Amino acid sequence: MQVRGLNFYYGNVRAITDVNLDVPEHRIVAIIGPSGCGKSTLLRTLNRMSDFVRRSRMDGEVLLDGENIYGTTVDVVDVRRRVGMVFQRPNPFPKSIYENVAFGPRMLGIRNRGDLDGIVERSLRGAALWNEVCDKLKESGLALSGGQQQRLCIARAIAMEPEVILMDEPASALDPVATSKIEDLMRELRESYSIVIVTHNMQQAMRISDDTAFMNVNSQRSGHIVEVGPTKRIFTDPQQKETEDYITGRFG
Amino acid sequence: MSEREIISVRAVPSHLGRRRLVNTIMLTITGALAVAAVIPLVWIVAHVAAEGARFISPTFFTDVPKPVGIEGGGIGNAIVGSAIVVGIACLIAVPVGIAAAIYSHDNATRPLGIVIRFSTDVLSGIPSIIMGIFAYAVVVVPQGHFSALSGGFALAVIMLPIVLRTTEEMLNLVPRSLREGALALGAPRWRTSLRVLLPAAMSGVVTGIMLGISRVAGEAAPMIFTAFGNPFYAADVTQPMATLPHTIFVYAISPYKDLHDKAWTTALVLIVLVLGLNLAARLFTRWRLKKMGWK
Amino acid sequence: MQSPRPSGLKSLGSTTGRFRRWWNHGDLPFRAAIALAGILVLVIVLAIGRELWAHSILPREKFGLAFLTTSTWDPVRQQFGALPFIIGTIETSVLALIMAIPAGIGVAIFLAELAPDWLRAPLGTLIELLAAVPSVVFGLWGLFVFIPDVVKPLGNTLHSAFSFVPLFDGPVYGPSRLAASMILAIMILPTITAVTRDVFLALPRTQSEAAFALGATRWEMIARVLVPQSLSGILGAVILGLGRALGETIAVTMVIGNNPDLSASLLHPGYTMASLIANEFSEATNETYVQALIEIGLVLFVITLLLNMIARLLVWRVARRFTGGTA
């Protein structure tokens with residue numbers, strides 16, 4: 001997935017300026033930066049959840065397999081099927097664990113019980129939740145703990161077998177133990193998916209990501225990417241003064 | 001793992017054409033329903049305006065009814081009667097409604113507060129004809145005859161939950177800091193309520209009264225056995241009195257074309273009054289909320 | 001919270017002084033007054049029940065439960081059985097619900113999810129204004145416009161197409177159960193729409209986002225997330241609408257024909273509990289007759305009371321669902 005020359009506007013205010021970003025396959029890209037710099041906004045343009053923002057518009061391209069997801073021949077429903085998303089706060093449906101995971105496949109018209117059972121089990125295993133819930137699939141997803149709920153949401157997303165998974169501060173509402181489980185899980189998910197994660201937690205970015213993009217606001221208060229590169233280099237040898245200030249805590 | 005091979009979800013087609021079609025059809029239906037839902041309102045208002053305007057004249061507002069077949073005659077008695085009966089309802093329902101709203105607001109989580117809120121909901125769901133019977137039983141029967149007083153009483157009971165609820169909703173919007181500030185300055189609770197809370201919630205009170213009036217001014221059912229009707233001007237509240245909705249009802253079910261025409265004109269007067277008040281209440285609330293900067 | 005007042009300080013200690021201070025301070029009398037007003041609301045509800053009960057003693061003693069299960073309503077021979085009116089009320093209300101539920105939910109979906117911003121508020125206001133049109137104006141319009149222009153032609157069509165179905169037996173009357181049901185459907189539509197819309201708007205944004213992020217179309221989000229999660233709230237809205245339909249008086253009285261016709265046909269005149277009371281109360285000449293009508297009022301009161309309690313509980317439950325944590 002590649003982002004090319006992306007600008008995003010709320011009304012007349014340019015919230016994001018000229019973003020270019022590559023998300024290579026089987027890598028985790030972390031987007032870090034101070035709050036209000038447009039990290040989440042950028043993330044939401046990658047699966048067109050930004051379509052729901054009133055009075056907003058964007059220009060530039062987001063290429064998925066070389067095809068612009070904002071192109072006229074592309075259906076947004078198909079884009080979101082191929083680019084999954086996990087939100088800041090766990091948001092399982094008030095349905096059973098099983099039905100939460102089966103939600104997407106059912107929408108595609110998969111009705112065969114055997115097929116659904118297989119998909120649910122595979123997805124829950126993929127989200128490292130199977131062993132904890134395999135004997136209570138009929139219970140409500142809301143009855144799980146916060147960390148389990150978030151992994152259920154991950155299972156729900158990977159049930160669609162997306163190509164890219166977007167994660168919007170997926171651990172910010174969780175305790176340290178649950179957070180470390182999610183981080184372990186992300187390393188496993190990298191085997192099968194590309195992942196873009198927004199985080200305000202630099203240690204987390206350092207621990208899990210392959211590449212890091214640092215975003216900041218410019219003098220017009222518009223978000224832009226200051227520097228992007230392999231995580232190790234960004235944190236040990238930043239090329240930009242702004243980046244260095246941020247990661248060493250001299251800023252925000 | 002089960003023995004059968006797990007299918008690849010990625011390989012399943014999206015059926016985009018079919019799903020988009022269903023989407024479009026269903027969304028179009030809801031849009032069409034929304035338009036259709038407005039048709040009766042437009043139809044009623046347009047028809048009442050067209051029919052009613054034909055016979056409207058200055059004397060229609062001032063004259064009392066004349067016997068069928070004789071030219072002229074108006075609804076002056078019903079206009080005055082409605083004003084008096086609704087006025088009585090306000091005199092009872094407004095102070096009680098406001099006081100009860102303050103109590104309910106102050107004690108929202110206490111058992112009695114919950115019971116009162118529940119009673120308010122229940123009261124607002126009781127059919128108006130039952131309120132008529134209630135007024136008949138507690139006012140008309142002891143008095144021995146129909147009266148404006150009993151009509152006002154019935155309408156007061158209908159109006160009470162409306163005033164109470166809108167007042168309380170507006171009290172809930174008053175920022176906590178405002179009342180805490182007043183209490184911290186050493187003001188007694190009741191002064192806080194009356195001098196700080198209520199003015200801030202005044203829009204709720206006014207809205208509640210306007211909505212309440214617009215509701216009860218159109219009530220015909222309870223009038224049948226309370227205020228009843230009176231072909232003459234009357235100011236004595238212990239006597240029967242004509243009201244606009246009851247007049248429409250009586251005229252409409254009469255066999256005379258002449259009275260049907262008068263029913264339409266009376267309906268025009270009533271609908272302008274009721275819908276006008278209702279709209280005014282909404283606009284007023286919106287304006288107040290904007291001015292207070294709470295919305 | 002004692003505000004020091006010179007007069008109070010001076011007379012501190014004496015009983016009259018303490019009383020005056022208490023009175024000047026004013027909290028207790030004020031609280032007593034507002035508590036009294038609050039309790040009055042409860043008292044009124046109880047008093048309505050008590051009055052209806054007390055004023056229907058004659059027919060209750062004379063007929064007992066047979067009042068509810070017999071069909072003879074003959075004031076001259078002092079025979080009172082309310083069954084046709086109970087059936088008429090339920091029949092017209094249920095038919096009105098069948099028409100109003102899908103329409104109300106559809107409109108609520110449009111208002112909550114689809115309408116463009118500029119249309120949302122005006123359209124919502126128009127539909128709520130429909131609820132503010134006085135019942136007697138609905139009746140007037142129903143009697144002189146809606147029945148001849150819509151109900152009668154519709155009745156003729158239904159009769160000629162389905163004359164073998166008892167529901168559509170001829171002859172086709174204008175004022176009929178069908179007319180009453182259709183007017184009721186229009187009258188309760190705003191109630192169902194407004195409550196359902198509010199229930200829809202209470203759905204957390206994160207829920208619809210979850211569905212969209214999985215690639216749901218808007219309709220799929222509505223049908224698979226919004227509506228299922230709002231079901232108990234919608235049920236509450238429907239019950240509130242039912243309560244309104246059951247108790248609606250004047251409009252029904254004007255369009256139903258007021259005849260305890262025992263046939264099954266929707267195209268025939270009917271009679272409801274409320275319209276019976278409205279029609280006969282002022283003509284009721286003896287005590288048993290009046291009390292029989294009041295007993296019908298009692299039945300109506302009990303039914304609407306129960307329905308309202310159920311509806312409120314359902315709507316409350318929806319509001320607590322997501323704040324409460326578990327489902």
# chains A, B, ... in the order shown; residues from 1 in each chain; ligands from 1

$ closest_atom_pairs --of "chain B" --to "chain A" --cutoff "12 Å" --atoms "only C-alpha atoms" --output "tab-separated table"
residue	atom	partner	partner_atom	distance
B:Met1	CA	A:Gly118	CA	7.5
B:Ser2	CA	A:Gly118	CA	6.9
B:Glu3	CA	A:Gly118	CA	9.4
B:Arg4	CA	A:Gly114	CA	7.8
B:Glu5	CA	A:Gly118	CA	7.9
B:Ile6	CA	A:Gly118	CA	5.3
B:Ile7	CA	A:Asp115	CA	6.4
B:Ser8	CA	A:Glu161	CA	7.9
B:Val9	CA	A:Met160	CA	5.9
B:Arg10	CA	A:Glu161	CA	5.6
B:Ala11	CA	A:Glu161	CA	9.3
B:Val12	CA	A:Leu108	CA	7.3
B:Pro13	CA	A:Leu108	CA	7.4
B:Ser14	CA	A:Leu108	CA	5.8
B:His15	CA	A:Leu108	CA	7.2
B:Leu16	CA	A:Asp78	CA	7.8
B:Gly17	CA	A:Asp75	CA	10.2
B:Arg18	CA	A:Leu108	CA	10.7
B:Arg19	CA	A:Leu108	CA	9.1
B:Arg20	CA	A:Val77	CA	9.3
B:Asn23	CA	A:Val77	CA	11.6

$ interface_residues --of "chain C" --to "chain A" --cutoff "10 Å" --atoms "only C-alpha atoms" --output "list in words"
Asp117, Pro204, Arg205, Thr206, Gln207, Ser208, Glu209, Ala210, Ala211, Phe212, Ala213, Leu214, Gly215, Ala216, Thr217, Arg218, Glu220, Met221, Arg224, Val225, Pro228, Gln229, Arg321, Phe322, Gly325, Thr326 and Ala327 of chain C

$ closest_atom_pairs --of "chain C" --to "chain B" --cutoff "6 Å" --atoms "only C-alpha atoms" --output "tab-separated table"
residue	atom	partner	partner_atom	distance
C:Met1	CA	B:Gly186	CA	5.6
C:Ser3	CA	B:Gly186	CA	5.8
C:Asp27	CA	B:Trp190	CA	5.6
C:Ile34	CA	B:Ala99	CA	4.7
C:Ala35	CA	B:Tyr103	CA	5.8
C:Ala37	CA	B:Ala100	CA	4.8
C:Gly38	CA	B:Ala100	CA	4.1
C:Leu42	CA	B:Ser119	CA	5.4
C:Ile48	CA	B:Phe134	CA	5.8
C:Gly106	CA	B:Thr30	CA	4.6
C:Val107	CA	B:Ala34	CA	4.6
C:Phe110	CA	B:Thr30	CA	5.6
C:Leu130	CA	B:Leu41	CA	5.5
C:Pro134	CA	B:Gly218	CA	4.8
C:Trp219	CA	B:Asn23	CA	5.0
C:Gly247	CA	B:Pro127	CA	4.8
C:Ile250	CA	B:Ala221	CA	5.7

$ select_by_dssp --residues "range 10-198 of chain C" --states "strand (DSSP E)" --output "count of residues only"
4

$ residues_around --residues "Thr285 in chain C" --least-positions-apart "6" --cutoff "12 Å" --atoms "only C-alpha atoms" --output "list in words"
Pro75, Val76, Gln78, Gln291, Ala292 and Leu293 of chain C

$ write_last_selection --atoms "all heavy atoms" --output "short mmCIF file (atom, residue, chain, number, x, y, z; two decimals), in the first residue's frame"
data_model
loop_
_atom_site.label_atom_id
_atom_site.label_comp_id
_atom_site.auth_asym_id
_atom_site.auth_seq_id
_atom_site.Cartn_x
_atom_site.Cartn_y
_atom_site.Cartn_z
N PRO C 75 -78.98 -0.51 27.01
CA PRO C 75 -79.26 0.38 28.12
C PRO C 75 -80.73 0.29 28.57
O PRO C 75 -81.02 0.44 29.75
CB PRO C 75 -78.96 1.77 27.55
CG PRO C 75 -78.05 1.53 26.41
CD PRO C 75 -78.43 0.21 25.85
N VAL C 76 -81.65 0.03 27.65
CA VAL C 76 -83.07 0.00 28.00
C VAL C 76 -83.35 -1.16 28.96
O VAL C 76 -84.02 -1.01 29.97
CB VAL C 76 -83.93 -0.14 26.73
CG1 VAL C 76 -85.40 -0.17 27.11
CG2 VAL C 76 -83.65 1.03 25.79
N GLN C 78 -81.06 -2.61 30.65
CA GLN C 78 -80.00 -2.60 31.67
C GLN C 78 -79.06 -3.80 31.55
O GLN C 78 -78.61 -4.36 32.53
CB GLN C 78 -80.61 -2.57 33.09
CG GLN C 78 -81.42 -1.32 33.37
CD GLN C 78 -80.52 -0.12 33.68
OE1 GLN C 78 -79.77 -0.13 34.62
NE2 GLN C 78 -80.61 0.90 32.84
N GLN C 291 -72.37 4.21 35.09
CA GLN C 291 -71.30 3.44 35.73
C GLN C 291 -70.74 2.35 34.80
O GLN C 291 -69.57 2.02 34.87
CB GLN C 291 -71.80 2.82 37.04
CG GLN C 291 -72.08 3.89 38.08
CD GLN C 291 -71.87 3.39 39.49
OE1 GLN C 291 -71.53 2.24 39.71
NE2 GLN C 291 -72.08 4.27 40.45
N ALA C 292 -71.61 1.81 33.94
CA ALA C 292 -71.12 0.82 32.98
C ALA C 292 -70.11 1.49 32.04
O ALA C 292 -69.07 0.90 31.71
CB ALA C 292 -72.27 0.23 32.18
N LEU C 293 -70.41 2.72 31.63
CA LEU C 293 -69.47 3.45 30.78
C LEU C 293 -68.17 3.74 31.52
O LEU C 293 -67.07 3.64 30.97
CB LEU C 293 -70.10 4.76 30.28
CG LEU C 293 -71.23 4.58 29.26
CD1 LEU C 293 -71.98 5.89 29.05
CD2 LEU C 293 -70.67 4.09 27.93
#

$ atom_distance --atom1 "CA of Gly146 in chain A" --atom2 "CA of Ala127 in chain A"
14.2 Å

$ atom_distance --atom1 "CA of Arg221 in chain A" --atom2 "CA of Val19 in chain A"
14.6 Å

$ closest_residue --among "B:Leu21, B:Leu178, B:Ile70, B:Ala83" --to "Thr243 in chain B" --atoms "only C-alpha atoms"
B:Ala83

$ atom_distance --atom1 "CA of Tyr246 in chain A" --atom2 "CA of Gly229 in chain A"
15.4 Å

$ select_by_dssp --residues "range 2-202 of chain B" --states "helix (DSSP H, G or I)" --output "ChimeraX atom specification"
/B:9-11,16-53,58-62,76-106,111-125,128-143,148-173,176-184,189-200,202

$ residues_around --residues "range 153-167 of chain C" --least-positions-apart "4" --cutoff "12 Å" --atoms "only C-alpha atoms" --output "short mmCIF file (atom, residue, chain, number, x, y, z; two decimals) with all heavy atoms, in the first residue's frame"
data_model
loop_
_atom_site.label_atom_id
_atom_site.label_comp_id
_atom_site.auth_asym_id
_atom_site.auth_seq_id
_atom_site.Cartn_x
_atom_site.Cartn_y
_atom_site.Cartn_z
N GLU C 91 -58.88 -4.61 17.69
CA GLU C 91 -58.80 -4.83 16.25
C GLU C 91 -58.27 -3.58 15.52
O GLU C 91 -57.31 -3.66 14.75
CB GLU C 91 -60.20 -5.18 15.73
CG GLU C 91 -60.21 -5.74 14.33
CD GLU C 91 -61.64 -6.03 13.86
OE1 GLU C 91 -62.60 -5.66 14.58
OE2 GLU C 91 -61.78 -6.58 12.76
N LEU C 95 -54.48 -3.28 13.81
CA LEU C 95 -54.40 -3.00 12.38
C LEU C 95 -53.61 -1.71 12.13
O LEU C 95 -52.79 -1.63 11.21
CB LEU C 95 -55.81 -2.89 11.81
CG LEU C 95 -55.92 -3.01 10.28
CD1 LEU C 95 -55.37 -4.33 9.79
CD2 LEU C 95 -57.38 -2.85 9.84
N PHE C 146 -60.70 12.15 3.91
CA PHE C 146 -59.96 10.90 3.81
C PHE C 146 -60.88 9.72 3.48
O PHE C 146 -60.53 8.87 2.66
CB PHE C 146 -59.20 10.65 5.12
CG PHE C 146 -58.14 9.59 5.03
CD1 PHE C 146 -57.06 9.74 4.17
CD2 PHE C 146 -58.22 8.44 5.81
CE1 PHE C 146 -56.08 8.77 4.08
CE2 PHE C 146 -57.24 7.47 5.73
CZ PHE C 146 -56.18 7.64 4.87
N ILE C 147 -62.05 9.67 4.10
CA ILE C 147 -62.96 8.55 3.83
C ILE C 147 -63.44 8.56 2.38
O ILE C 147 -63.24 7.57 1.67
CB ILE C 147 -64.14 8.52 4.84
CG1 ILE C 147 -63.64 8.03 6.19
CG2 ILE C 147 -65.27 7.62 4.33
CD1 ILE C 147 -64.69 7.97 7.26
N PRO C 148 -64.03 9.66 1.90
CA PRO C 148 -64.48 9.61 0.49
C PRO C 148 -63.33 9.49 -0.51
O PRO C 148 -63.48 8.81 -1.52
CB PRO C 148 -65.23 10.94 0.31
CG PRO C 148 -64.86 11.78 1.47
CD PRO C 148 -64.48 10.87 2.58
N ASP C 149 -62.19 10.11 -0.25
CA ASP C 149 -61.12 10.13 -1.24
C ASP C 149 -60.22 8.90 -1.21
O ASP C 149 -59.65 8.54 -2.24
CB ASP C 149 -60.22 11.38 -1.07
CG ASP C 149 -60.93 12.64 -1.50
OD1 ASP C 149 -62.11 12.53 -1.90
OD2 ASP C 149 -60.35 13.73 -1.42
N PRO C 171 -71.61 -5.01 2.46
CA PRO C 171 -71.36 -3.86 1.60
C PRO C 171 -70.25 -2.96 2.14
O PRO C 171 -69.94 -3.02 3.32
CB PRO C 171 -72.70 -3.11 1.62
CG PRO C 171 -73.31 -3.49 2.94
CD PRO C 171 -72.88 -4.90 3.20
N VAL C 172 -69.70 -2.16 1.25
CA VAL C 172 -68.59 -1.30 1.64
C VAL C 172 -69.13 0.00 2.24
O VAL C 172 -69.84 0.74 1.57
CB VAL C 172 -67.71 -0.99 0.42
CG1 VAL C 172 -66.54 -0.10 0.82
CG2 VAL C 172 -67.20 -2.27 -0.22
N TYR C 173 -68.82 0.20 3.50
CA TYR C 173 -69.20 1.46 4.16
C TYR C 173 -68.03 2.44 4.11
O TYR C 173 -66.87 2.02 4.06
CB TYR C 173 -69.56 1.23 5.62
CG TYR C 173 -70.84 0.47 5.84
CD1 TYR C 173 -70.86 -0.92 5.77
CD2 TYR C 173 -72.03 1.14 6.13
CE1 TYR C 173 -72.03 -1.64 5.99
CE2 TYR C 173 -73.19 0.44 6.35
CZ TYR C 173 -73.20 -0.95 6.28
OH TYR C 173 -74.34 -1.63 6.50
N GLY C 174 -68.30 3.72 4.20
CA GLY C 174 -67.23 4.70 4.36
C GLY C 174 -66.70 4.65 5.77
O GLY C 174 -65.59 4.14 6.02
N PRO C 175 -67.48 5.15 6.73
CA PRO C 175 -67.04 5.06 8.13
C PRO C 175 -66.96 3.60 8.53
O PRO C 175 -67.95 2.88 8.47
CB PRO C 175 -68.14 5.78 8.89
CG PRO C 175 -68.84 6.62 7.88
CD PRO C 175 -68.76 5.86 6.59
N SER C 176 -65.79 3.14 8.90
CA SER C 176 -65.60 1.71 9.12
C SER C 176 -64.38 1.47 9.99
O SER C 176 -63.64 2.40 10.34
CB SER C 176 -65.38 1.02 7.77
OG SER C 176 -64.26 1.61 7.14
N ARG C 177 -64.19 0.19 10.33
CA ARG C 177 -62.98 -0.17 11.08
C ARG C 177 -61.73 0.14 10.28
O ARG C 177 -60.72 0.55 10.84
CB ARG C 177 -63.02 -1.66 11.40
CG ARG C 177 -64.12 -2.00 12.37
CD ARG C 177 -64.33 -3.50 12.44
NE ARG C 177 -65.52 -3.76 13.25
CZ ARG C 177 -66.28 -4.83 13.12
NH1 ARG C 177 -65.99 -5.75 12.23
NH2 ARG C 177 -67.32 -4.98 13.89
N LEU C 178 -61.82 -0.05 8.97
CA LEU C 178 -60.67 0.26 8.12
C LEU C 178 -60.33 1.75 8.20
O LEU C 178 -59.16 2.12 8.37
CB LEU C 178 -60.96 -0.13 6.66
CG LEU C 178 -59.82 0.12 5.67
CD1 LEU C 178 -58.64 -0.79 5.96
CD2 LEU C 178 -60.28 -0.07 4.23
N ALA C 179 -61.38 2.58 8.11
CA ALA C 179 -61.15 4.03 8.19
C ALA C 179 -60.50 4.40 9.51
O ALA C 179 -59.51 5.15 9.57
CB ALA C 179 -62.46 4.78 8.01
N MET C 182 -56.85 3.28 9.67
CA MET C 182 -55.94 4.09 8.85
C MET C 182 -55.68 5.45 9.50
O MET C 182 -54.53 5.92 9.53
CB MET C 182 -56.49 4.26 7.43
CG MET C 182 -56.46 2.94 6.65
SD MET C 182 -57.13 3.06 4.98
CE MET C 182 -55.74 3.81 4.13
N LEU C 262 -71.23 -7.12 14.53
CA LEU C 262 -70.50 -8.30 14.99
C LEU C 262 -69.82 -9.05 13.85
O LEU C 262 -69.18 -10.07 14.08
CB LEU C 262 -71.43 -9.24 15.76
CG LEU C 262 -71.86 -8.70 17.14
CD1 LEU C 262 -72.89 -9.60 17.77
CD2 LEU C 262 -70.66 -8.52 18.06
N SER C 263 -69.92 -8.54 12.62
CA SER C 263 -69.27 -9.24 11.52
C SER C 263 -67.77 -9.03 11.59
O SER C 263 -67.28 -8.18 12.32
CB SER C 263 -69.78 -8.72 10.17
OG SER C 263 -69.10 -7.54 9.82
N ALA C 264 -67.05 -9.82 10.80
CA ALA C 264 -65.60 -9.73 10.83
C ALA C 264 -65.08 -8.66 9.89
O ALA C 264 -63.90 -8.33 9.90
CB ALA C 264 -64.98 -11.08 10.47
N SER C 265 -65.96 -8.11 9.05
CA SER C 265 -65.49 -7.25 7.96
C SER C 265 -64.89 -5.94 8.43
O SER C 265 -65.47 -5.23 9.25
CB SER C 265 -66.64 -6.96 7.00
OG SER C 265 -66.20 -6.08 5.99
N LEU C 266 -63.72 -5.64 7.88
CA LEU C 266 -63.07 -4.37 8.18
C LEU C 266 -63.79 -3.22 7.50
O LEU C 266 -63.61 -2.06 7.86
CB LEU C 266 -61.62 -4.39 7.69
CG LEU C 266 -60.70 -5.39 8.34
CD1 LEU C 266 -59.33 -5.32 7.70
CD2 LEU C 266 -60.59 -5.10 9.82
N LEU C 267 -64.61 -3.56 6.48
CA LEU C 267 -65.27 -2.52 5.70
C LEU C 267 -66.59 -2.11 6.34
O LEU C 267 -67.28 -1.23 5.83
CB LEU C 267 -65.49 -3.01 4.26
CG LEU C 267 -64.24 -3.60 3.60
CD1 LEU C 267 -64.55 -4.15 2.22
CD2 LEU C 267 -63.13 -2.56 3.51
N HIS C 268 -66.95 -2.77 7.45
CA HIS C 268 -68.17 -2.43 8.18
C HIS C 268 -67.86 -1.47 9.31
O HIS C 268 -66.72 -1.38 9.76
CB HIS C 268 -68.81 -3.70 8.75
CG HIS C 268 -69.47 -4.54 7.72
ND1 HIS C 268 -70.28 -5.59 8.03
CD2 HIS C 268 -69.44 -4.47 6.37
CE1 HIS C 268 -70.72 -6.16 6.91
NE2 HIS C 268 -70.22 -5.49 5.89
#

$ closest_residue --among "C:Ala245, C:Ala274, C:Leu235, C:Glu280" --to "Ala311 in chain C" --atoms "only C-alpha atoms"
C:Leu235

$ closest_residue --among "C:Thr191, C:Phe301, C:Ala54, C:Ile105" --to "Leu129 in chain C" --atoms "only C-alpha atoms"
C:Thr191

$ decode --residues "range 177-236 of chain B" --atoms "C-alpha atoms" --output "short mmCIF file (atom, residue, chain, number, x, y, z; two decimals), in the first residue's frame"
data_model
loop_
_atom_site.label_atom_id
_atom_site.label_comp_id
_atom_site.auth_asym_id
_atom_site.auth_seq_id
_atom_site.Cartn_x
_atom_site.Cartn_y
_atom_site.Cartn_z
CA SER B 177 -21.21 24.56 38.37
CA LEU B 178 -23.91 27.21 38.36
CA ARG B 179 -25.85 25.71 41.24
CA GLU B 180 -22.76 24.64 43.14
CA GLY B 181 -21.46 28.15 42.85
CA ALA B 182 -24.63 29.52 44.36
CA LEU B 183 -24.61 26.97 47.17
CA ALA B 184 -20.96 27.71 47.90
CA LEU B 185 -21.83 31.38 48.34
CA GLY B 186 -24.08 30.30 51.18
CA ALA B 187 -27.41 30.64 49.44
CA PRO B 188 -30.10 28.39 50.88
CA ARG B 189 -31.16 25.56 48.63
CA TRP B 190 -34.54 27.03 47.83
CA ARG B 191 -33.03 30.32 46.75
CA THR B 192 -30.62 28.43 44.58
CA SER B 193 -33.56 26.67 43.04
CA LEU B 194 -35.72 29.74 42.54
CA ARG B 195 -33.15 32.42 41.79
CA VAL B 196 -30.47 30.46 39.96
CA LEU B 197 -31.89 27.27 38.55
CA LEU B 198 -35.29 28.43 37.46
CA PRO B 199 -34.28 31.51 35.48
CA ALA B 200 -31.68 29.40 33.73
CA ALA B 201 -34.37 26.82 33.08
CA MET B 202 -36.95 29.44 32.17
CA SER B 203 -36.88 28.39 28.54
CA GLY B 204 -37.90 24.90 29.61
CA VAL B 205 -40.76 26.29 31.63
CA VAL B 206 -41.95 28.50 28.78
CA THR B 207 -41.59 25.68 26.26
CA GLY B 208 -43.45 23.33 28.58
CA ILE B 209 -46.31 25.78 29.00
CA MET B 210 -46.54 26.44 25.27
CA LEU B 211 -46.42 22.75 24.39
CA GLY B 212 -48.92 22.02 27.14
CA ILE B 213 -51.35 24.65 25.92
CA SER B 214 -50.99 23.52 22.32
CA ARG B 215 -51.85 20.00 23.41
CA VAL B 216 -54.82 20.69 25.68
CA ALA B 217 -56.33 23.47 23.56
CA GLY B 218 -57.11 20.80 20.96
CA GLU B 219 -58.64 18.27 23.36
CA ALA B 220 -62.26 17.56 22.53
CA ALA B 221 -62.85 14.22 24.23
CA PRO B 222 -62.75 15.31 27.87
CA MET B 223 -64.92 18.35 27.11
CA ILE B 224 -67.88 16.13 26.30
CA PHE B 225 -68.58 15.47 29.94
CA THR B 226 -66.91 18.42 31.62
CA ALA B 227 -67.17 21.89 30.03
CA PHE B 228 -69.82 20.47 27.73
CA GLY B 229 -70.81 23.46 25.60
CA ASN B 230 -72.81 26.66 25.67
CA PRO B 231 -74.27 28.60 22.75
CA PHE B 232 -73.78 31.92 24.53
CA TYR B 233 -70.93 33.95 25.91
CA ALA B 234 -70.26 32.81 29.44
CA ALA B 235 -67.84 34.03 32.06
CA ASP B 236 -69.09 32.05 35.05
#
